[in-house]
Amino acid sequence: MTSPVRLLESLRAKGAPLGPWADAVASVRRELFLPEVVEVGDELISRTTSPQRWLEAAYSDVSITTQVNDGRPAGPDEYRLPTSSSSQPSVMLEALSLLDVQPTDRVLELGAGTGLNAAWLAHRLGSDRVLSVEVDPVLAGQAAKNNAAAGLSPRIVQGDGGQGWPEGAPYQRVIATYAVDEIPYAWVEQAPQGRIVTPWGGSFFPYSFAVLDVHEGRAEGKFTGYPAFMRSRIRRPKRGYLDDFLHHRQDAEHTTTSLSPLTIAQDADALFYIGVALPDAWHLPVTADDGSGEMMLWILADDQRSWASADYTPGTDQYAVAQYGPRRLWDEAEAGHGVWEALGRPTRARAGISVTERGQSLWIDVPESDLSALLPSRQAT
Ligand SMILES: C[S@@+](CC[C@H](N)C(=O)[O-])C[C@H]1O[C@@H](n2cnc3c(N)ncnc32)[C@H](O)[C@@H]1O
């Protein structure tokens, strides 16, 4: 697997939505967009010492981390937060297929990263129809160089993608390659008749594509897919090891619940709706590796002040809960789950999102049935 054509074949074999992008995948050499040392999962791969393995990674359908910790050198035990990557090609294709790009469209991309997605767009549409915004100046410069090496020249600028790039507007298509919890109105204004595709969600469940169409100053759309993108650098919550979020364990409040933490952790629809109620805490299921089937579901506040755990043991109907901090995060998750149940356990496909100059709102089935009004209001802490 060491050539663009082999990558194309494997994407075709797994049914990736190649559509009009097959020629771009086969023609644009991904290796030109990758640094000397890349990271795939936990594996660090150097082109110098493992050239074959490096090339295999370049032409495999995997996400390749190209920067951690915003490019700062990381100490040996330091948490490595991925901060830029060359996204998994099949997920790039999924996003592009949702974007429904037409041959004469002008496209605004947010999050240039390596520049590969901009290159695919430029290959198909022509470089003058593609503008990409990257927040990291070093990466923006490198993405432009990578494109030049591939014979392409989409415009790549440094800035916060949340502002879009008004000088280049109007665009027919807007695609973000980092996740947002709020869709910026600038994107709506800059694509007045357009389509917006972006990874969307708060900390609890940032794993949906939002696909919105813009009409008369208002964007409206639905959710699909399960993409895992990095969050916007501008509104990025702190992340780290589990231990960085746990403190005062001996002071935790202990209760029990009849709501199975396993049921929550395995139900993407429940997670999506709980995530609407709980956008500022993330969840981490940790499964025991002793074959017992036990699992601990951690819920960890972005501000690191509160945490909760719920302990799943097979064969029981009461589960131990521990909570600490100014917020009771398990209770909040359970309340969000309760609202989801009261609504009749809707699928995520029934949820929708609207963005106007007043901000974004979430709804079920029709824009008039506002979802935020149905969710529990949070006590100020
Ligand atoms: C998954 S990577 C992008 C992948 C890229 N499109 C490619 O083809 O390689 C996400 C990128 O978004 C950038 N980013 C994060 N927040 C941003 C923001 N607010 N504005 C612009 N770029 C941002 C990151 O620096 C990172 O390079």
# chains A, B, ... in the order shown; residues from 1 in each chain; ligands from 1
>>> residues_around(residues="Asp105 in chain A", least_positions_apart="3", cutoff="10 Å", atoms="only C-alpha atoms", output="list in words")
Asp100, Val101, Gln102, Leu108, Leu125, Gly126, Arg129, Val130, Tyr171, Gln172, Arg173 and Gly194 of chain A
>>> residues_near_ligand(ligand="ligand 1", cutoff="8 Å", atoms="only C-alpha atoms and all ligand atoms", output="JSON, numbers by chain")
{"A": [33, 70, 83, 84, 85, 86, 87, 92, 109, 110, 111, 112, 113, 114, 115, 116, 117, 118, 119, 133, 134, 135, 136, 139, 158, 159, 160, 161, 162, 176, 177, 178, 179, 229, 230, 231, 232, 233, 234, 235]}
>>> write_last_selection(atoms="N, CA and C atoms", output="short mmCIF file (atom, residue, chain, number, x, y, z; two decimals), in the first residue's frame")
data_model
loop_
_atom_site.label_atom_id
_atom_site.label_comp_id
_atom_site.auth_asym_id
_atom_site.auth_seq_id
_atom_site.Cartn_x
_atom_site.Cartn_y
_atom_site.Cartn_z
N PHE A 33 2.36 15.81 1.76
CA PHE A 33 1.68 16.64 2.75
C PHE A 33 2.04 16.24 4.18
N ASP A 70 0.31 21.67 20.00
CA ASP A 70 0.50 22.92 19.23
C ASP A 70 1.94 23.09 18.75
N THR A 83 -2.89 18.05 17.78
CA THR A 83 -3.37 19.39 17.45
C THR A 83 -3.41 19.64 15.94
N SER A 84 -2.85 18.73 15.15
CA SER A 84 -3.10 18.80 13.70
C SER A 84 -2.87 17.41 13.12
N SER A 85 -3.53 17.18 12.01
CA SER A 85 -3.43 15.84 11.41
C SER A 85 -3.78 15.90 9.94
N SER A 86 -3.42 14.83 9.25
CA SER A 86 -3.98 14.56 7.94
C SER A 86 -5.12 13.59 8.21
N SER A 87 -6.36 14.06 8.00
CA SER A 87 -7.53 13.27 8.41
C SER A 87 -7.59 11.95 7.65
N MET A 92 -12.59 12.17 5.14
CA MET A 92 -12.54 13.35 4.27
C MET A 92 -13.56 13.21 3.14
N GLU A 109 -12.53 26.51 3.24
CA GLU A 109 -12.22 25.46 4.21
C GLU A 109 -11.68 26.11 5.48
N LEU A 110 -12.08 25.57 6.62
CA LEU A 110 -11.55 26.05 7.89
C LEU A 110 -10.73 24.92 8.49
N GLY A 111 -9.45 25.19 8.75
CA GLY A 111 -8.56 24.16 9.29
C GLY A 111 -7.75 23.51 8.18
N ALA A 112 -6.76 24.25 7.64
CA ALA A 112 -5.99 23.72 6.48
C ALA A 112 -5.15 22.52 6.88
N GLY A 113 -4.63 22.50 8.12
CA GLY A 113 -3.80 21.38 8.56
C GLY A 113 -2.65 21.15 7.60
N THR A 114 -2.57 19.95 7.04
CA THR A 114 -1.49 19.64 6.09
C THR A 114 -1.73 20.27 4.73
N GLY A 115 -2.99 20.66 4.46
CA GLY A 115 -3.32 21.22 3.15
C GLY A 115 -3.85 20.18 2.17
N LEU A 116 -3.97 18.91 2.60
CA LEU A 116 -4.38 17.87 1.65
C LEU A 116 -5.83 18.04 1.19
N ASN A 117 -6.73 18.35 2.11
CA ASN A 117 -8.12 18.51 1.71
C ASN A 117 -8.26 19.68 0.73
N ALA A 118 -7.54 20.77 1.02
CA ALA A 118 -7.55 21.92 0.10
C ALA A 118 -7.00 21.49 -1.26
N ALA A 119 -6.01 20.60 -1.23
CA ALA A 119 -5.42 20.13 -2.50
C ALA A 119 -6.42 19.30 -3.30
N VAL A 133 -8.40 28.47 5.71
CA VAL A 133 -7.94 29.27 6.85
C VAL A 133 -7.36 28.33 7.90
N GLU A 134 -6.15 28.61 8.35
CA GLU A 134 -5.50 27.79 9.38
C GLU A 134 -5.04 28.72 10.50
N VAL A 135 -5.35 28.33 11.74
CA VAL A 135 -5.05 29.21 12.87
C VAL A 135 -3.56 29.23 13.20
N ASP A 136 -2.86 28.13 12.93
CA ASP A 136 -1.44 28.03 13.30
C ASP A 136 -0.59 28.55 12.14
N LEU A 139 1.75 26.02 10.47
CA LEU A 139 1.03 25.03 9.66
C LEU A 139 0.48 25.66 8.39
N GLN A 158 -3.61 32.58 7.30
CA GLN A 158 -3.59 32.34 8.74
C GLN A 158 -4.70 33.16 9.39
N GLY A 159 -5.46 32.53 10.25
CA GLY A 159 -6.50 33.25 10.97
C GLY A 159 -7.36 32.30 11.76
N ASP A 160 -8.30 32.85 12.52
CA ASP A 160 -9.29 32.02 13.22
C ASP A 160 -10.41 31.71 12.25
N GLY A 161 -10.58 30.43 11.96
CA GLY A 161 -11.62 30.01 11.03
C GLY A 161 -13.01 30.47 11.46
N GLY A 162 -13.19 30.74 12.75
CA GLY A 162 -14.48 31.20 13.24
C GLY A 162 -14.92 32.51 12.62
N ALA A 176 -15.58 22.75 7.52
CA ALA A 176 -14.63 22.85 8.62
C ALA A 176 -14.03 21.47 8.87
N THR A 177 -12.75 21.45 9.21
CA THR A 177 -12.10 20.17 9.52
C THR A 177 -11.61 20.16 10.98
N TYR A 178 -12.25 20.96 11.81
CA TYR A 178 -12.13 20.85 13.26
C TYR A 178 -13.55 20.97 13.81
N ALA A 179 -13.74 20.50 15.05
CA ALA A 179 -15.10 20.45 15.60
C ALA A 179 -15.45 21.76 16.32
N PHE A 229 -13.03 14.62 15.20
CA PHE A 229 -12.08 15.68 14.82
C PHE A 229 -11.59 16.40 16.07
N MET A 230 -10.45 17.08 15.94
CA MET A 230 -9.99 17.89 17.05
C MET A 230 -10.87 19.13 17.17
N ARG A 231 -10.91 19.69 18.38
CA ARG A 231 -11.76 20.85 18.63
C ARG A 231 -11.08 22.12 18.13
N SER A 232 -11.88 23.16 17.90
CA SER A 232 -11.31 24.46 17.52
C SER A 232 -10.29 24.89 18.57
N ARG A 233 -9.14 25.35 18.09
CA ARG A 233 -8.08 25.78 19.01
C ARG A 233 -8.49 26.99 19.81
N ILE A 234 -9.41 27.76 19.25
CA ILE A 234 -9.81 29.01 19.91
C ILE A 234 -10.68 28.74 21.14
N ARG A 235 -11.48 27.66 21.10
CA ARG A 235 -12.37 27.34 22.22
C ARG A 235 -12.09 25.94 22.72
#
>>> residues_around(residues="Ser260 in chain A", least_positions_apart="6", cutoff="9 Å", atoms="only C-alpha atoms", output="list in words")
Ala310, Asp311, Tyr312, Asp317, Gln318 and Tyr319 of chain A
>>> closest_residue(among="A:Val28, A:Ile196, A:Val38, A:Ala58", to="His123 in chain A", atoms="only C-alpha atoms")
A:Val28
>>> closest_atom_pairs(of="range 161-223 of chain A", to="range 350-362 of chain A", cutoff="7 Å", atoms="only C-alpha atoms", output="CSV")
residue,atom,partner,partner_atom,distance
A:Glu182,CA,A:Gln360,CA,6.7
A:Ile183,CA,A:Gln360,CA,6.8
A:Tyr185,CA,A:Glu357,CA,6.0
A:Gly217,CA,A:Thr356,CA,6.7
A:Arg218,CA,A:Thr356,CA,4.9
A:Ala219,CA,A:Val355,CA,5.0
A:Glu220,CA,A:Ser354,CA,4.4
A:Gly221,CA,A:Ile353,CA,5.4
A:Lys222,CA,A:Gly352,CA,4.5
A:Phe223,CA,A:Gly352,CA,6.8
>>> closest_residue(among="A:Leu11, A:Leu259, A:Val197, A:Pro326", to="Val62 in chain A", atoms="only C-alpha atoms")
A:Leu11
>>> closest_residue(among="A:Ser60, A:Leu246, A:Val107, A:Leu93", to="Glu9 in chain A", atoms="only C-alpha atoms")
A:Ser60
>>> closest_residue(among="A:Thr2, A:Thr316, A:Gln67, A:Gln304", to="Arg29 in chain A", atoms="only C-alpha atoms")
A:Thr2
>>> select_by_dssp(residues="range 152-269 of chain A", states="strand (DSSP E or B)", output="VMD selection string")
chain A and resid 155 to 158 173 to 176 179 to 180 195 to 200 208 to 215 218 to 224 231 253 to 257
>>> write_last_selection(atoms="N, CA and C atoms", output="compact mmCIF listing (two decimals), in the first residue's frame")
# COMPACT_ATOMS: atom_id res chain seq x y z
N ARG A 155 -5.52 29.21 -2.03
CA ARG A 155 -5.07 30.28 -1.14
C ARG A 155 -5.18 29.78 0.30
N ILE A 156 -4.07 29.84 1.04
CA ILE A 156 -4.08 29.39 2.43
C ILE A 156 -3.65 30.57 3.29
N VAL A 157 -4.53 30.94 4.22
CA VAL A 157 -4.28 32.13 5.03
C VAL A 157 -4.29 31.75 6.51
N GLN A 158 -3.61 32.58 7.30
CA GLN A 158 -3.59 32.34 8.74
C GLN A 158 -4.70 33.16 9.39
N ARG A 173 -19.73 26.86 -0.78
CA ARG A 173 -19.57 25.75 0.16
C ARG A 173 -18.59 26.13 1.26
N VAL A 174 -18.91 25.72 2.50
CA VAL A 174 -18.03 25.95 3.65
C VAL A 174 -17.82 24.61 4.35
N ILE A 175 -16.57 24.23 4.53
CA ILE A 175 -16.28 22.96 5.20
C ILE A 175 -15.26 23.20 6.31
N ALA A 176 -15.58 22.75 7.52
CA ALA A 176 -14.63 22.85 8.62
C ALA A 176 -14.03 21.47 8.87
N ALA A 179 -13.74 20.50 15.05
CA ALA A 179 -15.10 20.45 15.60
C ALA A 179 -15.45 21.76 16.32
N VAL A 180 -16.68 22.19 16.13
CA VAL A 180 -17.16 23.40 16.81
C VAL A 180 -18.38 23.04 17.67
N ARG A 195 -23.91 25.77 1.34
CA ARG A 195 -24.00 24.63 2.26
C ARG A 195 -22.81 24.67 3.20
N ILE A 196 -23.07 24.29 4.46
CA ILE A 196 -22.02 24.24 5.48
C ILE A 196 -21.94 22.81 6.00
N VAL A 197 -20.73 22.26 6.05
CA VAL A 197 -20.52 20.94 6.68
C VAL A 197 -19.44 21.11 7.74
N THR A 198 -19.77 20.72 8.96
CA THR A 198 -18.78 20.85 10.03
C THR A 198 -18.95 19.76 11.09
N PRO A 199 -17.84 19.23 11.61
CA PRO A 199 -17.95 18.39 12.81
C PRO A 199 -18.51 19.27 13.94
N TRP A 200 -19.47 18.72 14.69
CA TRP A 200 -20.19 19.55 15.66
C TRP A 200 -20.38 18.82 16.98
N SER A 208 -20.47 14.41 15.56
CA SER A 208 -21.50 14.44 14.52
C SER A 208 -21.07 15.41 13.44
N PHE A 209 -21.40 15.11 12.19
CA PHE A 209 -21.34 16.14 11.16
C PHE A 209 -22.66 16.90 11.19
N ALA A 210 -22.59 18.23 11.23
CA ALA A 210 -23.77 19.05 10.98
C ALA A 210 -23.72 19.45 9.52
N VAL A 211 -24.84 19.29 8.84
CA VAL A 211 -24.93 19.64 7.41
C VAL A 211 -26.07 20.65 7.27
N LEU A 212 -25.72 21.89 6.92
CA LEU A 212 -26.73 22.95 6.92
C LEU A 212 -26.80 23.65 5.57
N ASP A 213 -28.00 24.04 5.18
CA ASP A 213 -28.16 24.86 3.98
C ASP A 213 -28.61 26.26 4.39
N VAL A 214 -28.10 27.24 3.66
CA VAL A 214 -28.35 28.64 4.02
C VAL A 214 -29.39 29.26 3.08
N HIS A 215 -30.41 29.88 3.67
CA HIS A 215 -31.41 30.63 2.90
C HIS A 215 -31.78 31.87 3.69
N ARG A 218 -30.32 32.53 7.16
CA ARG A 218 -30.53 31.53 8.20
C ARG A 218 -30.04 30.18 7.67
N ALA A 219 -29.27 29.47 8.51
CA ALA A 219 -28.81 28.12 8.11
C ALA A 219 -29.60 27.09 8.90
N GLU A 220 -29.93 26.00 8.23
CA GLU A 220 -30.72 24.98 8.90
C GLU A 220 -30.25 23.61 8.45
N GLY A 221 -30.17 22.67 9.37
CA GLY A 221 -29.71 21.36 8.94
C GLY A 221 -29.85 20.29 9.98
N LYS A 222 -29.22 19.14 9.69
CA LYS A 222 -29.36 17.94 10.52
C LYS A 222 -27.97 17.35 10.78
N PHE A 223 -27.97 16.23 11.49
CA PHE A 223 -26.71 15.62 11.90
C PHE A 223 -26.56 14.22 11.30
N THR A 224 -25.31 13.86 11.04
CA THR A 224 -25.06 12.52 10.50
C THR A 224 -23.62 12.13 10.80
N ARG A 231 -10.91 19.69 18.38
CA ARG A 231 -11.76 20.85 18.63
C ARG A 231 -11.08 22.12 18.13
N GLU A 253 -18.92 12.16 47.04
CA GLU A 253 -20.24 11.74 47.55
C GLU A 253 -20.61 10.43 46.86
N HIS A 254 -21.07 9.45 47.62
CA HIS A 254 -21.36 8.13 47.06
C HIS A 254 -22.86 7.85 47.10
N THR A 255 -23.39 7.43 45.96
CA THR A 255 -24.82 7.06 45.87
C THR A 255 -24.90 5.85 44.94
N THR A 256 -26.13 5.43 44.63
CA THR A 256 -26.29 4.39 43.60
C THR A 256 -27.32 4.88 42.59
N THR A 257 -27.29 4.23 41.44
CA THR A 257 -28.26 4.57 40.39
C THR A 257 -28.76 3.28 39.74
>>> atom_distance(atom1="CA of Leu34 in chain A", atom2="CA of Trp21 in chain A")
20.1 Å
>>> closest_atom_pairs(of="range 215-256 of chain A", to="range 287-303 of chain A", cutoff="7 Å", atoms="only C-alpha atoms", output="Markdown table")
| residue | atom | partner | partner_atom | distance |
| --- | --- | --- | --- | --- |
| A:Pro237 | CA | A:Asp302 | CA | 5.8 |
| A:Lys238 | CA | A:Asp302 | CA | 6.4 |
| A:Phe245 | CA | A:Leu300 | CA | 6.5 |
